[in-house]
Structure formats: structure tokens, C-alpha cells
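Text of model-v8.pdb, listed as PDB, C-alpha atoms:
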```pdb
ATOM      1  CA  MET A   1     -37.638 -44.751 -12.355
ATOM      2  CA  VAL A   2     -39.178 -46.266 -15.463
ATOM      3  CA  VAL A   3     -41.193 -44.169 -17.884
ATOM      4  CA  LEU A   4     -43.746 -46.033 -19.882
ATOM      5  CA  ALA A   5     -44.347 -44.686 -23.353
ATOM      6  CA  ASP A   6     -47.837 -43.840 -24.336
ATOM      7  CA  ALA A   7     -49.288 -46.590 -26.582
ATOM      8  CA  ALA A   8     -50.814 -43.982 -28.888
ATOM      9  CA  SER A   9     -49.159 -41.180 -30.825
ATOM     10  CA  GLN A  10     -50.417 -38.010 -32.357
ATOM     11  CA  VAL A  11     -50.305 -37.912 -36.161
ATOM     12  CA  TRP A  12     -51.018 -34.459 -37.501
ATOM     13  CA  PHE A  13     -53.679 -35.456 -40.050
ATOM     14  CA  PHE A  14     -55.167 -38.566 -38.414
ATOM     15  CA  GLY A  15     -55.378 -37.555 -34.833
ATOM     16  CA  ARG A  16     -54.330 -40.073 -32.201
ATOM     17  CA  VAL A  17     -53.212 -43.407 -33.720
ATOM     18  CA  ASP A  18     -52.288 -46.563 -31.895
ATOM     19  CA  ALA A  19     -48.656 -47.815 -32.282
ATOM     20  CA  ASP A  20     -49.943 -51.164 -33.593
ATOM     21  CA  VAL A  21     -51.643 -49.344 -36.466
ATOM     22  CA  PHE A  22     -48.314 -47.714 -37.370
ATOM     23  CA  ALA A  23     -46.630 -51.110 -37.376
ATOM     24  CA  ALA A  24     -49.394 -52.623 -39.524
ATOM     25  CA  TRP A  25     -49.159 -49.804 -42.080
ATOM     26  CA  GLY A  26     -45.399 -50.185 -42.168
ATOM     27  CA  GLN A  27     -45.787 -53.865 -42.950
ATOM     28  CA  VAL A  28     -48.353 -53.144 -45.685
ATOM     29  CA  ILE A  29     -46.049 -50.572 -47.318
ATOM     30  CA  GLY A  30     -43.085 -52.967 -47.054
ATOM     31  CA  ALA A  31     -45.107 -55.791 -48.614
ATOM     32  CA  ALA A  32     -46.242 -53.508 -51.456
ATOM     33  CA  GLY A  33     -42.613 -52.517 -52.081
ATOM     34  CA  THR A  34     -41.545 -56.163 -52.111
ATOM     35  CA  LEU A  35     -44.375 -57.064 -54.504
ATOM     36  CA  LEU A  36     -43.390 -54.193 -56.814
ATOM     37  CA  ALA A  37     -39.749 -55.358 -56.778
ATOM     38  CA  VAL A  38     -40.812 -58.921 -57.662
ATOM     39  CA  ILE A  39     -43.022 -57.671 -60.526
ATOM     40  CA  VAL A  40     -40.174 -55.540 -61.911
ATOM     41  CA  ALA A  41     -37.738 -58.486 -61.655
ATOM     42  CA  ILE A  42     -40.165 -60.796 -63.497
ATOM     43  CA  TRP A  43     -40.733 -58.171 -66.214
ATOM     44  CA  ILE A  44     -36.966 -57.764 -66.704
ATOM     45  CA  ALA A  45     -36.476 -61.548 -66.868
ATOM     46  CA  ILE A  46     -39.249 -61.932 -69.480
ATOM     47  CA  ARG A  47     -37.900 -59.046 -71.569
ATOM     48  CA  ASP A  48     -34.346 -60.416 -71.451
ATOM     49  CA  GLY A  49     -35.597 -63.919 -72.315
ATOM     50  CA  ARG A  50     -37.430 -62.597 -75.363
ATOM     51  CA  TYR A  51     -34.342 -60.677 -76.434
ATOM     52  CA  ARG A  52     -32.155 -63.795 -76.088
ATOM     53  CA  ASP A  53     -34.700 -65.888 -78.036
ATOM     54  CA  ALA A  54     -34.813 -63.303 -80.849
ATOM     55  CA  GLU A  55     -31.016 -63.199 -80.954
ATOM     56  CA  ARG A  56     -30.816 -67.020 -81.040
ATOM     57  CA  ARG A  57     -33.358 -67.188 -83.898
ATOM     58  CA  ASP A  58     -31.429 -64.519 -85.781
ATOM     59  CA  ASN A  59     -28.183 -66.489 -85.366
ATOM     60  CA  GLU A  60     -29.920 -69.682 -86.551
ATOM     61  CA  ALA A  61     -31.163 -67.911 -89.704
ATOM     62  CA  MET A  62     -27.762 -66.394 -90.497
ATOM     63  CA  HIS A  63     -26.742 -69.143 -92.944
ATOM     64  CA  ALA A  64     -30.248 -69.482 -94.386
ATOM     65  CA  ARG A  65     -30.128 -65.811 -95.415
ATOM     66  CA  LEU A  66     -27.037 -66.597 -97.530
ATOM     67  CA  VAL A  67     -29.018 -68.828 -99.925
ATOM     68  CA  SER A  68     -30.351 -66.519-102.597
ATOM     69  CA  GLY A  69     -32.303 -66.933-105.828
ATOM     70  CA  ALA A  70     -32.244 -64.925-109.062
ATOM     71  CA  ARG A  71     -33.834 -65.149-112.493
ATOM     72  CA  ALA A  72     -31.356 -66.980-114.736
ATOM     73  CA  SER A  73     -33.340 -66.753-117.989
ATOM     74  CA  ASN A  74     -36.573 -65.103-119.110
ATOM     75  CA  PRO A  75     -39.811 -66.764-120.248
ATOM     76  CA  PRO A  76     -40.809 -68.749-122.171
ATOM     77  CA  SER A  77     -37.883 -70.739-120.725
ATOM     78  CA  LEU A  78     -37.921 -69.154-117.266
ATOM     79  CA  THR A  79     -35.164 -70.569-115.092
ATOM     80  CA  ILE A  80     -34.143 -69.584-111.604
ATOM     81  CA  SER A  81     -30.700 -70.032-110.127
ATOM     82  CA  TYR A  82     -29.914 -70.431-106.449
ATOM     83  CA  SER A  83     -26.536 -69.536-104.980
ATOM     84  CA  ASN A  84     -25.113 -70.497-101.615
ATOM     85  CA  TYR A  85     -22.988 -67.604-100.373
ATOM     86  CA  GLY A  86     -22.401 -69.305 -97.018
ATOM     87  CA  SER A  87     -19.468 -71.391 -95.826
ATOM     88  CA  CYS A  88     -21.486 -74.612 -95.387
ATOM     89  CA  PRO A  89     -23.544 -76.623 -97.865
ATOM     90  CA  VAL A  90     -27.328 -76.725 -97.891
ATOM     91  CA  THR A  91     -29.053 -79.937 -98.903
ATOM     92  CA  SER A  92     -32.458 -81.161-100.078
ATOM     93  CA  VAL A  93     -33.066 -77.863-101.879
ATOM     94  CA  ARG A  94     -36.592 -78.021-103.303
ATOM     95  CA  VAL A  95     -38.566 -75.586-105.438
ATOM     96  CA  VAL A  96     -42.058 -75.838-103.933
ATOM     97  CA  ASP A  97     -43.824 -72.871-105.552
ATOM     98  CA  VAL A  98     -43.349 -70.165-108.171
ATOM     99  CA  ALA A  99     -45.754 -67.225-108.030
ATOM    100  CA  GLY A 100     -45.821 -64.572-110.732
ATOM    101  CA  ARG A 101     -47.156 -61.030-110.681
ATOM    102  CA  PHE A 102     -47.639 -58.545-113.501
ATOM    103  CA  GLY A 103     -49.236 -55.354-112.195
ATOM    104  CA  GLU A 104     -52.415 -56.505-110.443
ATOM    105  CA  THR A 105     -52.510 -59.837-112.279
ATOM    106  CA  ARG A 106     -51.359 -62.902-110.338
ATOM    107  CA  SER A 107     -50.296 -66.206-111.843
ATOM    108  CA  THR A 108     -52.540 -69.220-111.349
ATOM    109  CA  GLY A 109     -49.968 -72.020-111.359
ATOM    110  CA  TRP A 110     -46.541 -73.287-112.300
ATOM    111  CA  SER A 111     -44.921 -76.495-113.469
ATOM    112  CA  ILE A 112     -41.559 -78.012-114.293
ATOM    113  CA  GLY A 113     -41.725 -80.580-117.057
ATOM    114  CA  GLY A 114     -45.528 -80.596-116.827
ATOM    115  CA  SER A 115     -45.634 -81.413-113.095
ATOM    116  CA  THR A 116     -46.581 -79.087-110.240
ATOM    117  CA  GLU A 117     -44.920 -81.301-107.641
ATOM    118  CA  PRO A 118     -41.965 -79.832-105.720
ATOM    119  CA  TYR A 119     -38.733 -80.181-107.661
ATOM    120  CA  VAL A 120     -35.526 -81.231-105.894
ATOM    121  CA  LEU A 121     -32.464 -79.296-106.943
ATOM    122  CA  GLY A 122     -30.212 -81.366-104.676
ATOM    123  CA  ALA A 123     -27.417 -79.834-102.610
ATOM    124  CA  ILE A 124     -25.694 -76.504-103.081
ATOM    125  CA  ALA A 125     -22.078 -76.447-101.977
ATOM    126  CA  PRO A 126     -20.527 -73.261-100.549
ATOM    127  CA  GLY A 127     -19.972 -70.719-103.315
ATOM    128  CA  GLN A 128     -21.906 -72.810-105.853
ATOM    129  CA  THR A 129     -25.023 -72.107-107.919
ATOM    130  CA  VAL A 130     -27.707 -74.489-109.203
ATOM    131  CA  THR A 131     -30.335 -73.684-111.822
ATOM    132  CA  THR A 132     -33.834 -75.045-112.281
ATOM    133  CA  PRO A 133     -35.022 -76.616-115.515
ATOM    134  CA  PRO A 134     -37.425 -74.398-117.510
ATOM    135  CA  ILE A 135     -40.458 -73.365-115.456
ATOM    136  CA  SER A 136     -43.883 -72.807-117.040
ATOM    137  CA  VAL A 137     -46.031 -70.209-115.305
ATOM    138  CA  THR A 138     -49.759 -70.074-116.114
ATOM    139  CA  TRP A 139     -51.720 -66.830-116.071
ATOM    140  CA  PRO A 140     -55.486 -66.157-115.938
ATOM    141  CA  GLU A 141     -57.307 -66.491-119.273
ATOM    142  CA  GLY A 142     -57.845 -63.252-121.168
ATOM    143  CA  GLN A 143     -55.166 -61.271-119.299
ATOM    144  CA  ASP A 144     -52.538 -59.413-121.300
ATOM    145  CA  VAL A 145     -49.326 -60.319-119.467
ATOM    146  CA  ASP A 146     -45.783 -59.442-120.482
ATOM    147  CA  GLU A 147     -44.093 -62.525-119.019
ATOM    148  CA  THR A 148     -40.614 -61.044-119.451
ATOM    149  CA  ALA A 149     -41.518 -57.957-117.387
ATOM    150  CA  ALA A 150     -43.450 -59.950-114.777
ATOM    151  CA  LEU A 151     -42.013 -60.504-111.326
ATOM    152  CA  TYR A 152     -41.519 -64.058-110.103
ATOM    153  CA  TYR A 153     -41.399 -65.185-106.485
ATOM    154  CA  PRO A 154     -40.036 -68.712-106.183
ATOM    155  CA  THR A 155     -40.275 -70.527-102.859
ATOM    156  CA  ILE A 156     -37.638 -73.043-101.879
ATOM    157  CA  VAL A 157     -37.245 -75.351 -98.916
ATOM    158  CA  PHE A 158     -33.824 -76.567 -97.803
ATOM    159  CA  PHE A 159     -31.937 -78.289 -95.008
ATOM    160  CA  ASP A 160     -28.941 -76.609 -93.338
ATOM    161  CA  THR A 161     -25.899 -78.243 -91.732
ATOM    162  CA  ASN A 162     -27.344 -77.696 -88.248
ATOM    163  CA  GLY A 163     -30.305 -79.963 -89.011
ATOM    164  CA  ARG A 164     -32.908 -77.237 -89.542
ATOM    165  CA  TRP A 165     -35.419 -76.964 -92.378
ATOM    166  CA  TRP A 166     -35.904 -73.500 -93.895
ATOM    167  CA  GLU A 167     -38.351 -71.967 -96.338
ATOM    168  CA  ARG A 168     -37.498 -68.874 -98.342
ATOM    169  CA  ARG A 169     -39.781 -67.043-100.766
ATOM    170  CA  GLY A 170     -37.978 -64.745-103.183
ATOM    171  CA  HIS A 171     -35.704 -62.501-101.141
ATOM    172  CA  ASP A 172     -37.891 -62.520 -98.023
ATOM    173  CA  GLN A 173     -36.326 -63.477 -94.727
ATOM    174  CA  PRO A 174     -36.055 -67.249 -94.318
ATOM    175  CA  ARG A 175     -38.670 -68.919 -92.147
ATOM    176  CA  ARG A 176     -37.736 -71.919 -90.050
ATOM    177  CA  LEU A 177     -39.926 -74.995 -90.538
ATOM    178  CA  LEU A 178     -40.450 -76.937 -87.339
ATOM    179  CA  SER A 179     -41.357 -80.155 -89.135
ATOM    180  CA  SER A 180     -39.916 -81.878 -92.189
ATOM    181  CA  PRO A 181     -41.660 -81.171 -95.492
ATOM    182  CA  ALA A 182     -43.305 -84.029 -97.366
ATOM    183  CA  ALA A 183     -41.132 -86.469 -99.278
ATOM    184  CA  VAL A 184     -40.460 -85.572-102.906
ATOM    185  CA  SER A 185     -40.129 -88.161-105.646
ATOM    186  CA  ARG A 186     -38.872 -85.873-108.443
ATOM    187  CA  LEU A 187     -35.110 -85.919-108.233
ATOM    188  CA  PRO A 188     -32.925 -84.099-110.761
ATOM    189  CA  THR A 189     -31.292 -86.136-113.504
ATOM    190  CA  GLY A 190     -27.908 -85.716-115.149
ATOM    191  CA  ASN A 191     -29.393 -83.865-118.141
ATOM    192  CA  GLY A 192     -31.198 -81.301-115.925
ATOM    193  CA  SER A 193     -34.754 -82.499-116.590
TER     194      SER A 193
END
```
Turn the structure described in the file into C-alpha cells.
Amino acid sequence: MVVLADAASQVWFFGRVDADVFAAWGQVIGAAGTLLAVIVAIWIAIRDGRYRDAERRDNEAMHARLVSGARASNPPSLTISYSNYGSCPVTSVRVVDVAGRFGETRSTGWSIGGSTEPYVLGAIAPGQTVTTPPISVTWPEGQDVDETAALYYPTIVFFDTNGRWWERRGHDQPRRLLSSPAAVSRLPTGNGS
């Protein structure tokens, strides 16, 4: 004897429900669970990708952080020295800007030997230091500025051994340049001018 099951079942809060409705709801809940799993997997992949990219950028900047500048002499013959504390040389080191600040007063310009063009310092070997020629910093007219007490923020651009251009302002974190800076015609001479 064969007993045929009733095609409808009693659900305590819905009343009688057809078996096909149960199957349809089961598929909807399964699809929602699958969609949620896919969304979570994509979110994890994006998060991990961002973490790997940040780690890669940090590793790329490791050597660039080892090129550091300091004031070598005070105005009126302000000079800035750059040291390479890394194990590889950096090349095409260029001073592209020098900004000064004394309290709320900001400098209006700078020059080396009368020119405001970027100045090439050349290459800095590992453990070596190079120094700029005297830098003239101009201040707004009528401002009382103690140039010796002022703060100076030089910006340099340089090329590392991995073929990357970097820009570093003062002691800020280096910023990778994705394109080569403009050509510079002012090369250093043997007498430092």
C-alpha cells in the first residue's frame, strides 16, 4: 500500500502552505546566503589588495626616506646639506624649492646664484653628504624677519637605484613622482657655484 503525502503542510504562523512554496523560499534564502558570501569575499579581497599596495608603496619609499636634509650654515649664506643614509646611491638630486617661515610670515622666493631655476646637486653616494651653494631667500617688504631663527623647508627631487623619481620637502615623507621632472640646465661646477 502506497501512502501519498499531502502536497500542503501546516506552518504554525502561515496556515497551510504548499510544498512548492517551501522549496521556493529555501532557494531564495540559499541565494541570499550565497550572495552575502560573495560580497564578503569581494570585500576581503579589496581590503587585502589595499593593504598589499600600501605595504609595497612603503617598501618602495624605504630608501627615499634615508635621504635627509639639514641646515649647514645660517643666512645670509644659507646652505643646506643632504645626506644619503641608505646603502645605494641616489642620482639627479635637484633643489627645486626653498620655502622659509618666520612666525606667520612666509618667504616669497629663493635663488642660488641669482637664479630661481632648480639646482642640480648631482649624485649622493651611500654615507655621503652634499651641500648647496649659498641660497638667498626673499621675504615680503616691510616684514621684520630674523633670518637666522626662521625655518626653511627645502624641496628636492631625486632618482633612486630602482628607477623611481622622488620628491621630499624638508623632513616630510617622500612622495613618488610618476613622471620625470623637467630637464635642468644648471649643473654644479667644481668650485661649488
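Evaluated on this file, the PyMOL selection byres ((chain A and resi 84) around 10) matches His63, Ala64, Arg65, Leu66, Val67, Ser68, Gly69, Tyr82, Ser83, Tyr85, Gly86, Ser87, Cys88, Pro89, Val90, Ala123, Ile124, Ala125, Pro126, Gly127, Gln128, Thr129 and Val130 of chain A.
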Produce a file of the selected residues containing C-alpha atoms, as a PDB file, in the frame of the given file.
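Result saved to result_24.pdb:
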```
ATOM      1  CA  HIS A  63     -26.742 -69.143 -92.944  1.00  0.00           C
ATOM      2  CA  ALA A  64     -30.248 -69.482 -94.386  1.00  0.00           C
ATOM      3  CA  ARG A  65     -30.128 -65.811 -95.415  1.00  0.00           C
ATOM      4  CA  LEU A  66     -27.037 -66.597 -97.530  1.00  0.00           C
ATOM      5  CA  VAL A  67     -29.018 -68.828 -99.925  1.00  0.00           C
ATOM      6  CA  SER A  68     -30.351 -66.519-102.597  1.00  0.00           C
ATOM      7  CA  GLY A  69     -32.303 -66.933-105.828  1.00  0.00           C
ATOM      8  CA  TYR A  82     -29.914 -70.431-106.449  1.00  0.00           C
ATOM      9  CA  SER A  83     -26.536 -69.536-104.980  1.00  0.00           C
ATOM     10  CA  TYR A  85     -22.988 -67.604-100.373  1.00  0.00           C
ATOM     11  CA  GLY A  86     -22.401 -69.305 -97.018  1.00  0.00           C
ATOM     12  CA  SER A  87     -19.468 -71.391 -95.826  1.00  0.00           C
ATOM     13  CA  CYS A  88     -21.486 -74.612 -95.387  1.00  0.00           C
ATOM     14  CA  PRO A  89     -23.544 -76.623 -97.865  1.00  0.00           C
ATOM     15  CA  VAL A  90     -27.328 -76.725 -97.891  1.00  0.00           C
ATOM     16  CA  ALA A 123     -27.417 -79.834-102.610  1.00  0.00           C
ATOM     17  CA  ILE A 124     -25.694 -76.504-103.081  1.00  0.00           C
ATOM     18  CA  ALA A 125     -22.078 -76.447-101.977  1.00  0.00           C
ATOM     19  CA  PRO A 126     -20.527 -73.261-100.549  1.00  0.00           C
ATOM     20  CA  GLY A 127     -19.972 -70.719-103.315  1.00  0.00           C
ATOM     21  CA  GLN A 128     -21.906 -72.810-105.853  1.00  0.00           C
ATOM     22  CA  THR A 129     -25.023 -72.107-107.919  1.00  0.00           C
ATOM     23  CA  VAL A 130     -27.707 -74.489-109.203  1.00  0.00           C
TER      24      VAL A 130
END
```
| message | Translate the PyMOL selection byres ((chain A and resi 156) around 8) into a concrete residue list for this structure, as a ChimeraX atom specification. | response | /A:93-97,154-155,157-158,167-169
| note | Ala72 of chain A proximity check over A:Gln143, A:Thr148, A:Ser115, A:Thr161, using all atoms listed in the file: winner is A:Thr148
Set the distance at 10 Å and use only C-alpha atoms: which residues neighbour Leu177 of chain A once local chain neighbours fewer than 3 positions away are removed? I'd like the list as a JSON list (two decimals) with C-alpha atoms, keeping the file's coordinate frame.
```
[["chain", "number", "residue", "atom", "x", "y", "z"],
["A", 157, "VAL", "CA", -37.24, -75.35, -98.92],
["A", 158, "PHE", "CA", -33.82, -76.57, -97.80],
["A", 159, "PHE", "CA", -31.94, -78.29, -95.01],
["A", 164, "ARG", "CA", -32.91, -77.24, -89.54],
["A", 165, "TRP", "CA", -35.42, -76.96, -92.38],
["A", 166, "TRP", "CA", -35.90, -73.50, -93.90],
["A", 167, "GLU", "CA", -38.35, -71.97, -96.34],
["A", 174, "PRO", "CA", -36.06, -67.25, -94.32],
["A", 180, "SER", "CA", -39.92, -81.88, -92.19],
["A", 181, "PRO", "CA", -41.66, -81.17, -95.49]]
```
| query | Can you tell me, as a PyMOL selection string, what residues are no more than 8 Å from Ile112 of chain A when counting all atoms listed in the file, ignoring any on the same chain fewer than 5 positions away? | reply | chain A and resi 119+133-136
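Across A:Ile46, A:Gln173, A:Ile80, A:Ala31, the tightest approach to Ala61 of chain A is made by A:Gln173 when counting all atoms listed in the file.
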| field | Gap from atom CA of Asn74 of chain A to atom CA of Thr91 of chain A - Å, one decimal | value | 26.2 Å
Hey, could you pull the box centre and edge lengths for segment 103-114 of chain A, axis-aligned, 3 Å padding per side, all listed atoms, to one decimal in Å, as AutoDock Vina command-line options?
```
--center_x -47.0 --center_y -68.0 --center_z -113.7 --size_x 17.0 --size_y 31.2 --size_z 12.7
```
| message | Running the PyMOL selection byres ((chain A and resi 152) around 7) on this model by hand, what would come out? Give it as a ChimeraX atom specification. | response | /A:98-101,150-151,153-154
| query | In Å to one decimal, how far is atom CA of Thr131 of chain A from atom CA of Arg175 of chain A? | reply | 21.9 Å
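The space separating atom CA of Asp160 of chain A from atom CA of Arg176 of chain A comes to 10.5 Å.
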Can you save segment 30-46 of chain A of the given block to a file, including C-alpha atoms and formatted as a PDB file, in the first residue's frame?
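The resulting file, decode32.pdb, is shown below:
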```pdb
ATOM      1  CA  GLY A  30      20.139  29.927  -0.175  1.00  0.00           C
ATOM      2  CA  ALA A  31      20.666  32.507  -2.924  1.00  0.00           C
ATOM      3  CA  ALA A  32      20.765  35.331  -0.354  1.00  0.00           C
ATOM      4  CA  GLY A  33      23.362  33.387   1.650  1.00  0.00           C
ATOM      5  CA  THR A  34      25.447  32.807  -1.473  1.00  0.00           C
ATOM      6  CA  LEU A  35      25.215  36.495  -2.419  1.00  0.00           C
ATOM      7  CA  LEU A  36      26.284  37.506   1.099  1.00  0.00           C
ATOM      8  CA  ALA A  37      29.263  35.116   0.927  1.00  0.00           C
ATOM      9  CA  VAL A  38      30.325  36.579  -2.441  1.00  0.00           C
ATOM     10  CA  ILE A  39      30.047  40.154  -1.103  1.00  0.00           C
ATOM     11  CA  VAL A  40      32.142  39.264   1.961  1.00  0.00           C
ATOM     12  CA  ALA A  41      34.771  37.550  -0.235  1.00  0.00           C
ATOM     13  CA  ILE A  42      34.997  40.597  -2.535  1.00  0.00           C
ATOM     14  CA  TRP A  43      35.300  42.943   0.466  1.00  0.00           C
ATOM     15  CA  ILE A  44      38.123  40.822   1.925  1.00  0.00           C
ATOM     16  CA  ALA A  45      39.929  40.728  -1.439  1.00  0.00           C
ATOM     17  CA  ILE A  46      39.684  44.529  -1.833  1.00  0.00           C
TER      18      ILE A  46
END
```
